[in-house]
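Peer 1: File coords00.cif below, mmCIF, C-alpha atoms and all ligand atoms:
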data_run
#
loop_
_atom_site.label_atom_id
_atom_site.label_comp_id
_atom_site.auth_asym_id
_atom_site.auth_seq_id
_atom_site.Cartn_x
_atom_site.Cartn_y
_atom_site.Cartn_z
CA MET X 1 210.39 39.91 45.88
CA GLN X 2 214.04 39.61 46.87
CA ILE X 3 215.78 42.93 47.39
CA GLN X 4 219.52 43.28 47.80
CA LEU X 5 219.72 46.05 50.43
CA ASP X 6 223.39 46.94 50.09
CA ARG X 7 222.71 47.94 46.48
CA ILE X 8 220.17 50.63 47.39
CA ARG X 9 222.27 52.86 49.61
CA ASP X 10 222.50 55.54 46.95
CA GLU X 11 219.08 55.30 45.40
CA PRO X 12 215.73 54.12 46.81
CA PHE X 13 214.32 50.92 45.43
CA GLN X 14 210.72 50.99 44.21
CA TRP X 15 208.43 48.17 43.21
CA GLN X 16 204.94 47.57 41.90
CA GLU X 17 203.54 44.09 41.97
CA SER X 18 200.25 42.37 41.47
CA LEU X 19 200.27 39.01 43.22
CA GLU X 20 197.94 36.07 43.15
CA ILE X 21 197.82 34.70 46.69
CA ASP X 22 196.15 31.39 47.39
CA PRO X 23 193.67 31.99 50.27
CA SER X 24 194.56 28.59 51.71
CA SER X 25 198.11 29.85 52.37
CA LEU X 26 196.57 32.08 55.07
CA ASP X 27 195.39 30.48 58.26
CA HIS X 28 191.74 31.52 58.37
CA GLY X 29 188.67 29.46 57.53
CA ASP X 30 186.45 32.49 56.92
CA LEU X 31 188.49 33.68 53.95
CA LYS X 32 186.68 32.46 50.84
CA GLY X 33 188.67 34.28 48.20
CA LEU X 34 191.20 37.00 47.43
CA SER X 35 191.50 39.27 44.42
CA PRO X 36 194.99 39.81 43.01
CA VAL X 37 196.86 41.87 45.59
CA ARG X 38 198.39 45.11 44.45
CA TRP X 39 201.56 45.63 46.44
CA ASP X 40 203.55 48.80 45.78
CA GLY X 41 206.35 50.22 47.79
CA GLU X 42 209.69 51.80 48.28
CA ILE X 43 212.74 51.06 50.41
CA MET X 44 215.35 53.68 51.19
CA PHE X 45 218.56 53.72 53.15
CA THR X 46 218.06 55.70 56.37
CA ASP X 47 221.25 54.89 58.29
CA PRO X 48 220.89 52.96 60.46
CA GLY X 49 218.76 50.52 58.58
CA TYR X 50 216.30 50.85 55.76
CA TYR X 51 212.85 52.34 55.74
CA LEU X 52 210.09 50.49 53.90
CA ARG X 53 206.91 52.28 52.92
CA GLY X 54 204.30 50.34 51.00
CA ARG X 55 200.66 50.11 50.08
CA LEU X 56 198.36 47.13 49.74
CA GLU X 57 195.13 47.12 47.74
CA TYR X 58 192.84 44.16 47.23
CA THR X 59 189.39 42.70 47.85
CA GLN X 60 188.80 39.84 50.24
CA ASN X 61 185.76 37.59 50.12
CA LEU X 62 184.39 36.51 53.45
CA GLU X 63 181.23 35.10 54.92
CA CYS X 64 179.00 37.08 57.28
CA ASP X 65 179.30 35.65 60.78
CA ARG X 66 175.56 36.11 61.44
CA CYS X 67 173.67 35.51 58.19
CA LEU X 68 176.33 33.51 56.26
CA GLU X 69 175.91 35.68 53.14
CA PRO X 70 179.06 36.44 51.13
CA VAL X 71 180.84 39.68 52.03
CA ALA X 72 183.32 41.41 49.72
CA ALA X 73 185.55 43.82 51.62
CA GLU X 74 187.93 46.20 49.90
CA VAL X 75 191.20 46.79 51.69
CA SER X 76 193.57 49.67 51.13
CA GLU X 77 196.35 49.91 53.62
CA LYS X 78 199.68 51.55 54.28
CA VAL X 79 202.58 49.50 55.55
CA GLU X 80 205.68 50.89 57.26
CA ARG X 81 208.70 49.03 58.56
CA LEU X 82 212.22 49.71 59.67
CA ILE X 83 214.61 47.02 58.42
CA LEU X 84 217.76 46.49 60.42
CA SER X 85 220.59 44.30 59.30
CA HIS X 86 222.50 42.74 62.19
CA GLN X 87 225.63 42.33 60.16
CA SER X 88 226.19 46.01 59.66
CA GLN X 89 224.98 47.56 62.94
CA PRO X 90 225.93 47.15 66.61
CA ALA X 91 223.20 45.62 68.80
CA GLU X 92 222.86 48.55 71.28
CA GLU X 93 222.02 50.93 68.48
CA LEU X 94 219.31 48.58 67.24
CA GLU X 95 217.47 48.32 70.55
CA LEU X 96 216.82 52.06 70.65
CA GLN X 97 215.14 51.94 67.27
CA GLU X 98 212.85 49.09 68.20
CA GLN X 99 210.86 51.03 70.75
CA ASP X 100 209.07 53.28 68.32
CA MET X 101 208.57 51.29 65.17
CA ASN X 102 207.71 48.01 63.59
CA VAL X 103 211.17 46.58 63.11
CA ILE X 104 212.31 43.71 60.94
CA HIS X 105 215.61 42.07 61.79
CA LEU X 106 217.78 40.61 59.09
CA ASP X 107 220.91 38.55 59.34
CA GLY X 108 222.23 39.63 55.98
CA GLU X 109 221.53 42.21 53.30
CA GLU X 110 218.96 40.20 51.37
CA PHE X 111 215.38 41.20 52.09
CA ASP X 112 212.22 39.38 51.00
CA SER X 113 209.08 41.55 50.85
CA GLU X 114 206.60 38.68 50.69
CA PRO X 115 206.46 37.64 54.40
CA ILE X 116 205.33 41.19 55.36
CA LEU X 117 202.63 41.02 52.74
CA LEU X 118 201.33 37.66 54.00
CA GLU X 119 201.46 38.87 57.61
CA GLN X 120 199.35 41.93 56.72
CA LEU X 121 196.82 39.89 54.77
CA GLN X 122 196.43 37.61 57.75
CA LEU X 123 195.96 40.55 60.15
CA ASN X 124 193.33 42.14 57.92
CA ILE X 125 190.90 39.24 58.13
CA PRO X 126 188.29 40.23 60.73
CA MET X 127 187.50 37.71 63.49
CA LYS X 128 183.77 38.09 62.93
CA PRO X 129 183.07 39.52 59.48
CA LEU X 130 179.65 41.14 59.10
CA CYS X 131 177.78 42.00 55.89
CA ARG X 132 176.70 45.21 57.64
CA PRO X 133 177.09 46.39 61.25
CA ASP X 134 173.40 45.85 62.06
CA CYS X 135 173.01 42.47 60.34
CA SER X 136 169.99 40.73 61.90
CA GLY X 137 171.31 37.23 61.24
CA LEU X 138 169.33 34.04 60.78
CA CYS X 139 166.18 33.04 62.64
CA PRO X 140 167.19 30.30 65.12
CA GLU X 141 163.82 28.57 64.58
CA CYS X 142 163.45 28.37 60.78
CA GLY X 143 166.84 29.59 59.49
CA ALA X 144 165.35 32.45 57.44
CA ASN X 145 167.59 35.44 56.74
CA ARG X 146 166.10 38.18 58.91
CA ASN X 147 167.65 40.92 56.77
CA GLN X 148 165.15 39.92 54.06
CA GLY X 149 162.05 40.52 56.17
CA SER X 150 160.49 38.82 59.15
CA CYS X 151 159.58 35.12 59.10
CA GLN X 152 156.51 33.47 60.66
CA CYS X 153 158.40 32.72 63.89
CA SER X 154 159.04 36.36 64.73
CA THR X 155 155.31 36.91 65.42
CA VAL X 156 155.50 34.52 68.39
CA THR X 157 156.38 36.74 71.30
CA VAL X 158 156.57 34.11 74.07
CA ASP X 159 158.61 30.95 73.80
CA PRO X 160 156.15 27.99 74.03
CA ARG X 161 158.24 26.40 76.83
CA TRP X 162 157.83 29.49 78.98
CA ALA X 163 154.11 29.56 78.21
CA ALA X 164 153.79 25.98 79.54
CA LEU X 165 155.72 26.87 82.68
CA ALA X 166 153.51 29.88 83.27
CA ALA X 167 150.41 27.63 83.01
CA LEU X 168 151.87 25.20 85.58
CA LYS X 169 152.63 28.04 87.92
CA ASP X 170 149.03 29.26 87.67
CA ARG X 171 147.72 25.80 88.55
CA SER X 172 149.97 25.46 91.60
CA GLN X 173 148.69 28.67 93.13
CA PRO X 174 146.82 27.57 96.26
CA ASP X 175 143.16 28.55 96.32
CA GLY X 176 142.91 28.67 100.03
CA GLN X 177 145.89 28.65 102.40
CA GLY X 178 144.26 28.32 105.78
CA GLU X 179 143.82 24.53 106.22
CA ASP X 180 144.33 24.60 109.96
ZN ZN D 1 174.94 39.31 57.64
ZN ZN D 2 161.84 31.98 61.69
#
Spell out the structure here as structure tokens.
Peer 2:
Amino acid sequence: MQIQLDRIRDEPFQWQESLEIDPSSLDHGDLKGLSPVRWDGEIMFTDPGYYLRGRLEYTQNLECDRCLEPVAAEVSEKVERLILSHQSQPAEELELQEQDMNVIHLDGEEFDSEPILLEQLQLNIPMKPLCRPDCSGLCPECGANRNQGSCQCSTVTVDPRWAALAALKDRSQPDGQGED
């Protein structure tokens, strides 16, 4: 949404949107789907700059990093930004503001709220999504989902390769050491 900032000096601007975002517009292979994103907010003149306060609500569909089952995660998040227009404020004044807040710099008075939304959506995708914190994942031997009970493989306590090595070791044990 394009917002003309110089028109909201007297009265805050409020919006309520529901946006369809194509998951492929975000750079993340694990994102399988996105519900419509509810994006509400308000911008007010705070001299210097403008204060944006918004809220995002949506559901993202991911894939569990361990068991590959689908995961639907609900997101509800507050967004806050200070918007500074370089045309109307001296640079020294702006630098002070930057230290304490998330600042957006603008060259004019026209502000687009969509880049912030996309940036937040991107940040909210977990690096390793899990269906639950203690997900047991897939069995490396047979590929069974271990959250759904144990497979045949899990009864084998010793890896067969180690068992073979142990047998070799037994055989190489010298029976009698004193040859001379
Ligand atoms: Zn899982
Ligand atoms: Zn198995």
Peer 1: What does the list of residues within 12 Å of ligand ZN 2 (chain D) look like if you count all atoms listed in the file, written as a list of chain:residue names?
Peer 2: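 My answer, listing the contacting residues, is X:Ser136, X:Gly137, X:Leu138, X:Cys139, X:Pro140, X:Glu141, X:Cys142, X:Gly143, X:Ala144, X:Asn145, X:Arg146, X:Asn147, X:Gln148, X:Gly149, X:Ser150, X:Cys151, X:Gln152, X:Cys153, X:Ser154, X:Thr155, X:Val156.
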Peer 1: Taking all atoms listed in the file into account, name the residue in X:Leu31, X:Val103, X:Leu19, X:Val75 that is nearest to Leu52 of chain X.
Peer 2: X:Val103
Peer 1: Around the point (207.0, 38.1, 51.8), in the coordinates given by the file, pick out the residues reaching within 12 Å, counting only C-alpha atoms, and return them as a list in words.
Peer 2: Met1, Gln2, Ile3, Leu19, Ile21, Trp39, Ile104, Phe111, Asp112, Ser113, Glu114, Pro115, Ile116, Leu117, Leu118, Glu119, Gln120 and Leu121 of chain X
Peer 1: Could you pull out the residues sitting within 7 Å of ligand ZN 1 (chain D), using all atoms listed in the file, and write them as number ranges by chain?
Peer 2: X: 64-69, 130-132, 135-137
Peer 1: Write the residues you've just listed into a file as a tab-separated table (two decimals), keeping the file's coordinate frame, and include C-alpha atoms for each of them.
Peer 2:
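selection-v4.tsv written:
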chain	number	residue	atom	x	y	z
X	64	CYS	CA	179.00	37.08	57.28
X	65	ASP	CA	179.30	35.65	60.78
X	66	ARG	CA	175.56	36.11	61.44
X	67	CYS	CA	173.67	35.51	58.19
X	68	LEU	CA	176.33	33.51	56.26
X	69	GLU	CA	175.91	35.68	53.14
X	130	LEU	CA	179.65	41.14	59.10
X	131	CYS	CA	177.78	42.00	55.89
X	132	ARG	CA	176.70	45.21	57.64
X	135	CYS	CA	173.01	42.47	60.34
X	136	SER	CA	169.99	40.73	61.90
X	137	GLY	CA	171.31	37.23	61.24
Peer 1: For His28 of chain X, which of X:Glu77, X:Glu63, X:Asp10, X:Asp107 is the closest residue, counting all atoms listed in the file?
Peer 2: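 Smallest separation from His28 of chain X among the options: X:Glu63.
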